[in-house]
There are 2 protein chains.
Amino acid sequence: MDQEDHQSRPLQPPYLGQVLVIRPPPVFVVHEQYISTKFQILKAYESPLPTHDFLEAYAQSVKVVLCSANGPITAAVLRDLPALQLIVSSTTGVNHIDMLECRRRGIRVTNTGDLFSDDVADGAVGLLIDVMRRITGGDRFVRGGRWPATSVYPLGSKLGGKRIGIVGLGNIGSSVATRLEAMGCIISYTSRHKKHSSYYTFYPNILELSVNSDALIICCALTNNTRHMVNNSVMRALGKTGVIVNVARGAIIDEVDLVKCLVEGEIGGAGLDVFENEPSVPKELFKLDNVVLSSHSTACTRECFYSAAQTVVANLEAFFMNKPLLTLVS
Amino acid sequence: MDQEDHQSRPLQPPYLGQVLVIRPPPVFVVHEQYISTKFQILKAYESPLPTHDFLEAYAQSVKVVLCSANGPITAAVLRDLPALQLIVSSTTGVNHIDMLECRRRGIRVTNTGDLFSDDVADGAVGLLIDVMRRITGGDRFVRGGRWPATSVYPLGSKLGGKRIGIVGLGNIGSSVATRLEAMGCIISYTSRHKKHSSYYTFYPNILELSVNSDALIICCALTNNTRHMVNNSVMRALGKTGVIVNVARGAIIDEVDLVKCLVEGEIGGAGLDVFENEPSVPKELFKLDNVVLSSHSTACTRECFYSAAQTVVANLEAFFMNKPLLTLVS
């Protein structure tokens with residue numbers, strides 16, 4: 001594919017159809033060549049035009065958009081694309097898409113299903129062990145040449161016997177629970193409804209879960225109900241040795257409260273893969289040794305990205321060939 | 001207890017007996033107050049005398065030594081202590097003690113049993129996830145302010161489906177296996193003998209295990225048979241994406257070969273809690289992003305140290321009260 005002039009060139013074989021990319025999703029960045037052999041990619045981000053003007057220029061032709069959390073599909077974007085029929089997201093969460101407006105206009109949305117669940121769960125467990133057992137801080141201690149002068153690095157906290165509160169017992173939350181049970185942790189959870197298939201202790205709200213937990217693992221979707229759900233009260237209920245791991249979405253935690261609680265020692269530590277204003281991370285966290293920071297990458301494995309690219313391509317092929325979509329978000 | 005003049009003071013109540021400490025074990029550093037209320041601690045490390053002279057001065061009275069890996073009890077030390085009857089180690093491994101000489105002289109040795117196994121296993125799993133999922137490197141990436149300019153941090157490797165080779169299927173190795181099975185890993189192992197109680201695939205030697213593994217977790221004891229067992233051939237058999245985690249003893253790996261293989265990319269990464277000449281760590285490793293370094297601290301949790309101090313005290317009490325030792329090394 002000649003990427004230099006694709007915008008001016010009409011759709012040609014062997015392309016199945018035209019796909020708009022406003023901002024390139026990480027999965028697209030890694031697997032651009034594979035995806036680009038099948039579809040004509042319209043790259044708004046390579047155009048000198050402002051996005052609105054670019055979209056306007058292609059308004060009548062664009063039927064499909066490929067996106068991820070780094071490029072929100074807002075009501076304004078949707079207004080600019082009157083012919084839009086399908087949004088393919090290379091993510092599991094779709095909170096970056098105005099779903100209400102999509103429903104109103106009959107625009108279908110696909111995600112990647114639960115492809116990432118195991119890897120996100122592994123990442124959550126890795127962050128929890130890292131914070132409790134001080135792995136990243138310990139690595140700085142050794143690399144900084146401080147071991148010879150200080151015989152004992154500050155002790156960590158045992159995983160076994162700790163009460164872990166899972167916030168959202170979906171695919172990811174359940175996978176986290178299985179892993180931590182194997183380490184002797186005691187699992188409880190909160191979610192919209194009690195899961196009758198689960199034997200873990202259920203708490204009806206996050207405050208009660210927090211009071212009864214040594215660590216919280218945030219695994220739920222970001223919705224109007226969960227936004228800023230983890231606030232100052234929840235963190236104080238967790239207590240001074242409590243740990244928070246967030247592998248869901250940054251805005252589920254009130255980030256101002258979180259930074260304050262961490263800086264003032266109101267909670268014991270945090271493993272954070274997500275932030276309210278990514279890729280911006282509060283600078284106060286950079287100084288803390290009891291915090292592990294990650295760049296929204298608990299789903300970022302080579303294996304997962306390849307599977308996600310395959311899912312993206314399969315949904316696009318299905319759309320252009322009038323077949324049922326594989327991972328339609330209802 | 002007045003620690004200033006205890007060396008010159010005769011043993012007094014409520015002390016049960018006198019305990020020599022040549023170099024303070026980390027467990028003793030953390031729980032000195034607790035241990036010192038029951039026993040008169042003779043601190044060689046606080047004396048201006050050279051160790052040999054100090055030991056000579058107390059040669060006839062010292063019946064008990066408290067030690068750990070940071071203070072080897074060599075044949076020379078044992079020669080200086082003709083009245084020695086008991087060595088209490090605040091560790092699980094006793095490779096820092098000349099066991100042959102102890103056996104010849106009838107000196108008994110206690111360790112901490114398998115008190116540390118779960119924590120060391122958690123640490124091993126944490127190091128493996130960290131290396132494969134690039135957690136510590138990712139933290140440096142975020143703290144270094146590199147996220148905004150680089151949308152995708154280099155992808156990690158999925159845990160699920162990976163073939164993990166456990167070197168030494170004792171308490172620690174078995175605990176590591178249980179944890180990694182919960183993450184969908186495929187476990188095999190090598191050890192002196194095939195364990196008939198285990199359903200994991202057994203390989204008779206480390207080279208065959210390495211050829212058939214994506215990662216090796218070193219959990220065996222350091223003996224003459226295991227010293228430098230993980231050498232250049234084993235690492236090349238593991239291959240360019242292979243990962244090594246060592247939570248056992250540094251000298252099980254040929255450290256010169258390890259550094260060379262890591263620097264030259266002959267293996268994919270390493271999580272190292274132990275080194276050949278602790279606390280000295282090869283400086284070449286400090287530059288590598290695919291290596292996680294830890295200060296012999298996978299057993300270092302508050303909970304474990306407290307239990308270890310209790311075991312140390314219980315063994316000392318048993319000795320001085322002529323009762324059976326709790327965790328005698330046979």
# chains A, B, ... in the order shown; residues from 1 in each chain; ligands from 1
call {"tool": "select_by_dssp", "arguments": {"residues": "range 227-284 of chain A", "states": "helix (DSSP H, G or I)", "output": "list in words"}}
result
Asn232, Ser233, Val234, Met235, Arg236, Ala237, Leu238, Gly250, Ala251, Ile252, Glu255, Val256, Asp257, Leu258, Val259, Lys260, Cys261, Leu262, Val263, Lys283 and Glu284 of chain A
call {"tool": "write_last_selection", "arguments": {"atoms": "C-alpha atoms", "output": "PDB file, in the first residue's frame"}}
result
ATOM      1  CA  ASN A 232     -11.096  10.467  50.285  1.00  0.00           C
ATOM      2  CA  SER A 233     -13.609   8.597  52.508  1.00  0.00           C
ATOM      3  CA  VAL A 234     -12.969   5.281  50.770  1.00  0.00           C
ATOM      4  CA  MET A 235      -9.212   5.735  51.078  1.00  0.00           C
ATOM      5  CA  ARG A 236      -9.382   6.676  54.757  1.00  0.00           C
ATOM      6  CA  ALA A 237     -11.543   3.587  55.326  1.00  0.00           C
ATOM      7  CA  LEU A 238      -8.809   1.496  53.675  1.00  0.00           C
ATOM      8  CA  GLY A 250      -8.180   6.669  35.998  1.00  0.00           C
ATOM      9  CA  ALA A 251     -11.366   8.634  36.678  1.00  0.00           C
ATOM     10  CA  ILE A 252     -12.805   5.876  38.886  1.00  0.00           C
ATOM     11  CA  GLU A 255      -7.024  11.659  41.568  1.00  0.00           C
ATOM     12  CA  VAL A 256      -6.709  14.825  43.664  1.00  0.00           C
ATOM     13  CA  ASP A 257      -7.798  12.858  46.757  1.00  0.00           C
ATOM     14  CA  LEU A 258      -5.493   9.971  45.823  1.00  0.00           C
ATOM     15  CA  VAL A 259      -2.411  12.163  45.494  1.00  0.00           C
ATOM     16  CA  LYS A 260      -3.220  13.871  48.800  1.00  0.00           C
ATOM     17  CA  CYS A 261      -3.745  10.548  50.627  1.00  0.00           C
ATOM     18  CA  LEU A 262      -0.504   9.127  49.223  1.00  0.00           C
ATOM     19  CA  VAL A 263       1.573  12.230  49.958  1.00  0.00           C
ATOM     20  CA  LYS A 283       4.173  14.941  39.343  1.00  0.00           C
ATOM     21  CA  GLU A 284       3.819  14.528  43.140  1.00  0.00           C
TER      22      GLU A 284
END
call {"tool": "atom_distance", "arguments": {"atom1": "CA of Asn70 in chain A", "atom2": "CA of Gly145 in chain B"}}
result
17.6 Å
call {"tool": "atom_distance", "arguments": {"atom1": "CA of Glu266 in chain A", "atom2": "CA of His228 in chain A"}}
result
17.5 Å
call {"tool": "interface_residues", "arguments": {"of": "chain A", "to": "chain B", "cutoff": "8 Å", "atoms": "only C-alpha atoms", "output": "PDB file with N, CA and C atoms, in the first residue's frame"}}
result
ATOM      1  N   PRO A  26      -2.852   2.276  19.931  1.00  0.00           N
ATOM      2  CA  PRO A  26      -1.605   1.515  20.093  1.00  0.00           C
ATOM      3  C   PRO A  26      -1.587   0.208  19.281  1.00  0.00           C
ATOM      4  N   ASP A 118      -6.983 -11.704  30.917  1.00  0.00           N
ATOM      5  CA  ASP A 118      -5.924 -12.425  31.626  1.00  0.00           C
ATOM      6  C   ASP A 118      -4.677 -11.557  31.787  1.00  0.00           C
ATOM      7  N   ASP A 119      -4.333 -10.847  30.721  1.00  0.00           N
ATOM      8  CA  ASP A 119      -3.126 -10.017  30.799  1.00  0.00           C
ATOM      9  C   ASP A 119      -3.311  -8.846  31.761  1.00  0.00           C
ATOM     10  N   ASP A 122      -3.008 -10.310  35.188  1.00  0.00           N
ATOM     11  CA  ASP A 122      -1.589 -10.541  35.523  1.00  0.00           C
ATOM     12  C   ASP A 122      -0.917  -9.216  35.900  1.00  0.00           C
ATOM     13  N   GLY A 123      -1.239  -8.178  35.125  1.00  0.00           N
ATOM     14  CA  GLY A 123      -0.655  -6.862  35.405  1.00  0.00           C
ATOM     15  C   GLY A 123      -1.085  -6.337  36.768  1.00  0.00           C
ATOM     16  N   GLY A 126       0.773  -8.252  39.353  1.00  0.00           N
ATOM     17  CA  GLY A 126       2.160  -7.776  39.333  1.00  0.00           C
ATOM     18  C   GLY A 126       2.299  -6.450  40.059  1.00  0.00           C
ATOM     19  N   LEU A 127       1.367  -5.537  39.840  1.00  0.00           N
ATOM     20  CA  LEU A 127       1.417  -4.233  40.519  1.00  0.00           C
ATOM     21  C   LEU A 127       1.211  -4.400  42.022  1.00  0.00           C
ATOM     22  N   ILE A 129       1.840  -7.114  43.945  1.00  0.00           N
ATOM     23  CA  ILE A 129       3.057  -7.704  44.541  1.00  0.00           C
ATOM     24  C   ILE A 129       4.152  -6.641  44.585  1.00  0.00           C
ATOM     25  N   ASP A 130       4.272  -5.901  43.492  1.00  0.00           N
ATOM     26  CA  ASP A 130       5.334  -4.894  43.414  1.00  0.00           C
ATOM     27  C   ASP A 130       5.223  -3.877  44.543  1.00  0.00           C
ATOM     28  N   ARG A 133       5.552  -5.751  48.076  1.00  0.00           N
ATOM     29  CA  ARG A 133       6.880  -6.315  48.310  1.00  0.00           C
ATOM     30  C   ARG A 133       7.996  -5.364  47.866  1.00  0.00           C
ATOM     31  N   ILE A 135       9.133  -4.038  45.035  1.00  0.00           N
ATOM     32  CA  ILE A 135      10.073  -4.509  44.007  1.00  0.00           C
ATOM     33  C   ILE A 135      10.701  -3.353  43.238  1.00  0.00           C
ATOM     34  N   THR A 136       9.880  -2.443  42.716  1.00  0.00           N
ATOM     35  CA  THR A 136      10.425  -1.332  41.934  1.00  0.00           C
ATOM     36  C   THR A 136      11.271  -0.407  42.814  1.00  0.00           C
ATOM     37  N   GLY A 138      12.851  -1.360  45.468  1.00  0.00           N
ATOM     38  CA  GLY A 138      14.047  -2.143  45.755  1.00  0.00           C
ATOM     39  C   GLY A 138      15.042  -2.111  44.604  1.00  0.00           C
ATOM     40  N   ASP A 139      14.520  -2.113  43.383  1.00  0.00           N
ATOM     41  CA  ASP A 139      15.387  -2.018  42.203  1.00  0.00           C
ATOM     42  C   ASP A 139      16.111  -0.665  42.178  1.00  0.00           C
ATOM     43  N   VAL A 142      18.939  -0.853  44.741  1.00  0.00           N
ATOM     44  CA  VAL A 142      20.139  -1.573  44.282  1.00  0.00           C
ATOM     45  C   VAL A 142      20.868  -0.773  43.206  1.00  0.00           C
ATOM     46  N   ARG A 143      20.122  -0.278  42.198  1.00  0.00           N
ATOM     47  CA  ARG A 143      20.765   0.493  41.112  1.00  0.00           C
ATOM     48  C   ARG A 143      21.421   1.761  41.633  1.00  0.00           C
ATOM     49  N   TRP A 147      22.740  -0.612  48.544  1.00  0.00           N
ATOM     50  CA  TRP A 147      22.697  -1.868  49.295  1.00  0.00           C
ATOM     51  C   TRP A 147      23.894  -2.054  50.243  1.00  0.00           C
ATOM     52  N   PRO A 148      25.125  -1.861  49.751  1.00  0.00           N
ATOM     53  CA  PRO A 148      26.267  -2.117  50.647  1.00  0.00           C
ATOM     54  C   PRO A 148      26.216  -1.330  51.959  1.00  0.00           C
ATOM     55  N   SER A 151      22.035  -2.579  55.237  1.00  0.00           N
ATOM     56  CA  SER A 151      21.908  -4.033  55.114  1.00  0.00           C
ATOM     57  C   SER A 151      20.471  -4.491  54.865  1.00  0.00           C
ATOM     58  N   VAL A 152      19.496  -3.808  55.447  1.00  0.00           N
ATOM     59  CA  VAL A 152      18.104  -4.248  55.272  1.00  0.00           C
ATOM     60  C   VAL A 152      17.277  -3.156  54.598  1.00  0.00           C
ATOM     61  N   TYR A 153      16.809  -3.443  53.391  1.00  0.00           N
ATOM     62  CA  TYR A 153      15.875  -2.544  52.712  1.00  0.00           C
ATOM     63  C   TYR A 153      14.542  -2.617  53.476  1.00  0.00           C
ATOM     64  N   LEU A 155      11.243  -3.443  55.078  1.00  0.00           N
ATOM     65  CA  LEU A 155      10.487  -4.677  54.881  1.00  0.00           C
ATOM     66  C   LEU A 155       9.184  -4.442  54.132  1.00  0.00           C
ATOM     67  N   GLY A 156       8.810  -5.419  53.336  1.00  0.00           N
ATOM     68  CA  GLY A 156       7.532  -5.376  52.645  1.00  0.00           C
ATOM     69  C   GLY A 156       6.446  -6.021  53.481  1.00  0.00           C
ATOM     70  N   SER A 157       5.327  -6.253  52.843  1.00  0.00           N
ATOM     71  CA  SER A 157       4.165  -6.792  53.511  1.00  0.00           C
ATOM     72  C   SER A 157       3.801  -8.128  52.856  1.00  0.00           C
ATOM     73  N   LYS A 158       3.503  -9.117  53.687  1.00  0.00           N
ATOM     74  CA  LYS A 158       3.166 -10.463  53.188  1.00  0.00           C
ATOM     75  C   LYS A 158       1.852 -10.448  52.411  1.00  0.00           C
ATOM     76  N   LEU A 159       1.793 -11.172  51.316  1.00  0.00           N
ATOM     77  CA  LEU A 159       0.544 -11.284  50.543  1.00  0.00           C
ATOM     78  C   LEU A 159      -0.433 -12.241  51.220  1.00  0.00           C
ATOM     79  N   GLY A 160       0.088 -13.371  51.677  1.00  0.00           N
ATOM     80  CA  GLY A 160      -0.745 -14.424  52.258  1.00  0.00           C
ATOM     81  C   GLY A 160      -1.553 -13.912  53.440  1.00  0.00           C
ATOM     82  N   THR A 178      -8.745 -15.306  41.253  1.00  0.00           N
ATOM     83  CA  THR A 178      -8.163 -16.653  41.122  1.00  0.00           C
ATOM     84  C   THR A 178      -6.669 -16.635  41.406  1.00  0.00           C
ATOM     85  N   ARG A 179      -5.985 -15.649  40.841  1.00  0.00           N
ATOM     86  CA  ARG A 179      -4.534 -15.549  41.019  1.00  0.00           C
ATOM     87  C   ARG A 179      -4.180 -15.272  42.483  1.00  0.00           C
ATOM     88  N   ALA A 182      -4.505 -18.146  44.947  1.00  0.00           N
ATOM     89  CA  ALA A 182      -3.365 -19.076  44.902  1.00  0.00           C
ATOM     90  C   ALA A 182      -2.222 -18.580  45.773  1.00  0.00           C
ATOM     91  N   MET A 183      -2.257 -17.314  46.149  1.00  0.00           N
ATOM     92  CA  MET A 183      -1.228 -16.760  47.038  1.00  0.00           C
ATOM     93  C   MET A 183      -1.722 -16.690  48.479  1.00  0.00           C
ATOM     94  N   PRO A 279      -1.825  11.178  28.733  1.00  0.00           N
ATOM     95  CA  PRO A 279      -0.670  10.586  29.415  1.00  0.00           C
ATOM     96  C   PRO A 279      -0.087  11.465  30.527  1.00  0.00           C
ATOM     97  N   SER A 280      -0.891  12.400  31.043  1.00  0.00           N
ATOM     98  CA  SER A 280      -0.398  13.249  32.116  1.00  0.00           C
ATOM     99  C   SER A 280      -0.537  12.520  33.458  1.00  0.00           C
ATOM    100  N   VAL A 281       0.541  12.510  34.235  1.00  0.00           N
ATOM    101  CA  VAL A 281       0.559  11.843  35.544  1.00  0.00           C
ATOM    102  C   VAL A 281       0.946  12.887  36.595  1.00  0.00           C
ATOM    103  N   PHE A 286       5.824  11.124  41.427  1.00  0.00           N
ATOM    104  CA  PHE A 286       7.164  10.723  40.961  1.00  0.00           C
ATOM    105  C   PHE A 286       8.158  10.597  42.116  1.00  0.00           C
ATOM    106  N   VAL A 292       3.870   2.581  42.330  1.00  0.00           N
ATOM    107  CA  VAL A 292       4.395   2.059  41.066  1.00  0.00           C
ATOM    108  C   VAL A 292       3.523   2.606  39.942  1.00  0.00           C
ATOM    109  N   LEU A 293       4.161   3.211  38.953  1.00  0.00           N
ATOM    110  CA  LEU A 293       3.450   3.895  37.877  1.00  0.00           C
ATOM    111  C   LEU A 293       3.624   3.136  36.565  1.00  0.00           C
ATOM    112  N   SER A 294       2.522   3.034  35.824  1.00  0.00           N
ATOM    113  CA  SER A 294       2.546   2.263  34.578  1.00  0.00           C
ATOM    114  C   SER A 294       1.721   3.028  33.538  1.00  0.00           C
ATOM    115  N   SER A 295       2.080   2.904  32.287  1.00  0.00           N
ATOM    116  CA  SER A 295       1.519   3.768  31.243  1.00  0.00           C
ATOM    117  C   SER A 295       0.325   3.146  30.527  1.00  0.00           C
ATOM    118  N   SER A 297      -0.756   0.147  30.457  1.00  0.00           N
ATOM    119  CA  SER A 297      -0.158  -0.907  29.647  1.00  0.00           C
ATOM    120  C   SER A 297      -0.324  -2.316  30.226  1.00  0.00           C
ATOM    121  N   THR A 298      -1.294  -2.489  31.152  1.00  0.00           N
ATOM    122  CA  THR A 298      -1.452  -3.859  31.663  1.00  0.00           C
ATOM    123  C   THR A 298      -2.000  -4.796  30.582  1.00  0.00           C
ATOM    124  N   CYS A 300      -0.818  -4.589  27.521  1.00  0.00           N
ATOM    125  CA  CYS A 300       0.151  -4.474  26.421  1.00  0.00           C
ATOM    126  C   CYS A 300       1.145  -5.621  26.351  1.00  0.00           C
ATOM    127  N   THR A 301       0.670  -6.756  25.842  1.00  0.00           N
ATOM    128  CA  THR A 301       1.612  -7.841  25.537  1.00  0.00           C
ATOM    129  C   THR A 301       1.595  -8.053  24.022  1.00  0.00           C
ATOM    130  N   ARG A 302       2.684  -8.595  23.520  1.00  0.00           N
ATOM    131  CA  ARG A 302       2.760  -8.879  22.077  1.00  0.00           C
ATOM    132  C   ARG A 302       1.618  -9.807  21.664  1.00  0.00           C
ATOM    133  N   GLU A 303       1.372 -10.828  22.508  1.00  0.00           N
ATOM    134  CA  GLU A 303       0.344 -11.827  22.182  1.00  0.00           C
ATOM    135  C   GLU A 303      -1.044 -11.187  22.117  1.00  0.00           C
ATOM    136  N   CYS A 304      -1.327 -10.316  23.079  1.00  0.00           N
ATOM    137  CA  CYS A 304      -2.631  -9.672  23.154  1.00  0.00           C
ATOM    138  C   CYS A 304      -2.836  -8.685  22.014  1.00  0.00           C
TER     139      CYS A 304
END
call {"tool": "residues_around", "arguments": {"residues": "Arg103 in chain B", "least_positions_apart": "6", "cutoff": "12 Å", "atoms": "only C-alpha atoms", "output": "list in words"}}
result
Ala75, Leu78, Gln85, Leu86, Ile87, Ile97, Val109, Val329 and Ser330 of chain B
call {"tool": "write_last_selection", "arguments": {"atoms": "N, CA, C and O atoms", "output": "PDB file, in the first residue's frame"}}
result
ATOM      1  N   ALA B  75      35.090 -23.029  58.629  1.00  0.00           N
ATOM      2  CA  ALA B  75      35.913 -23.936  59.438  1.00  0.00           C
ATOM      3  C   ALA B  75      36.801 -23.118  60.374  1.00  0.00           C
ATOM      4  O   ALA B  75      37.017 -23.498  61.531  1.00  0.00           O
ATOM      5  N   LEU B  78      34.802 -21.895  63.292  1.00  0.00           N
ATOM      6  CA  LEU B  78      34.502 -23.045  64.168  1.00  0.00           C
ATOM      7  C   LEU B  78      35.730 -23.438  64.993  1.00  0.00           C
ATOM      8  O   LEU B  78      35.605 -23.804  66.159  1.00  0.00           O
ATOM      9  N   GLN B  85      28.175 -25.490  70.691  1.00  0.00           N
ATOM     10  CA  GLN B  85      27.261 -26.637  70.665  1.00  0.00           C
ATOM     11  C   GLN B  85      26.096 -26.434  69.691  1.00  0.00           C
ATOM     12  O   GLN B  85      25.484 -27.397  69.230  1.00  0.00           O
ATOM     13  N   LEU B  86      25.781 -25.153  69.423  1.00  0.00           N
ATOM     14  CA  LEU B  86      24.587 -24.878  68.603  1.00  0.00           C
ATOM     15  C   LEU B  86      24.809 -23.659  67.709  1.00  0.00           C
ATOM     16  O   LEU B  86      25.324 -22.624  68.167  1.00  0.00           O
ATOM     17  N   ILE B  87      24.385 -23.784  66.449  1.00  0.00           N
ATOM     18  CA  ILE B  87      24.340 -22.629  65.539  1.00  0.00           C
ATOM     19  C   ILE B  87      22.880 -22.411  65.165  1.00  0.00           C
ATOM     20  O   ILE B  87      22.223 -23.311  64.632  1.00  0.00           O
ATOM     21  N   ILE B  97      27.134 -22.057  56.411  1.00  0.00           N
ATOM     22  CA  ILE B  97      27.692 -22.782  57.556  1.00  0.00           C
ATOM     23  C   ILE B  97      28.457 -24.012  57.059  1.00  0.00           C
ATOM     24  O   ILE B  97      27.971 -24.724  56.172  1.00  0.00           O
ATOM     25  N   VAL B 109      22.626 -27.555  64.276  1.00  0.00           N
ATOM     26  CA  VAL B 109      22.290 -26.350  63.493  1.00  0.00           C
ATOM     27  C   VAL B 109      20.778 -26.266  63.360  1.00  0.00           C
ATOM     28  O   VAL B 109      20.133 -27.259  63.021  1.00  0.00           O
ATOM     29  N   VAL B 329      18.382 -28.794  61.564  1.00  0.00           N
ATOM     30  CA  VAL B 329      18.767 -29.196  60.202  1.00  0.00           C
ATOM     31  C   VAL B 329      19.483 -30.533  60.307  1.00  0.00           C
ATOM     32  O   VAL B 329      20.442 -30.657  61.063  1.00  0.00           O
ATOM     33  N   SER B 330      18.995 -31.518  59.553  1.00  0.00           N
ATOM     34  CA  SER B 330      19.580 -32.864  59.703  1.00  0.00           C
ATOM     35  C   SER B 330      20.768 -33.044  58.761  1.00  0.00           C
ATOM     36  O   SER B 330      20.943 -32.298  57.833  1.00  0.00           O
TER      37      SER B 330
END
call {"tool": "select_by_dssp", "arguments": {"residues": "range 14-263 of chain B", "states": "strand (DSSP E)", "output": "ChimeraX atom specification"}}
result
/B:18-21,40-43,64-67,86-89,108-110,163-167,186-190,201-202,215-218,243-246
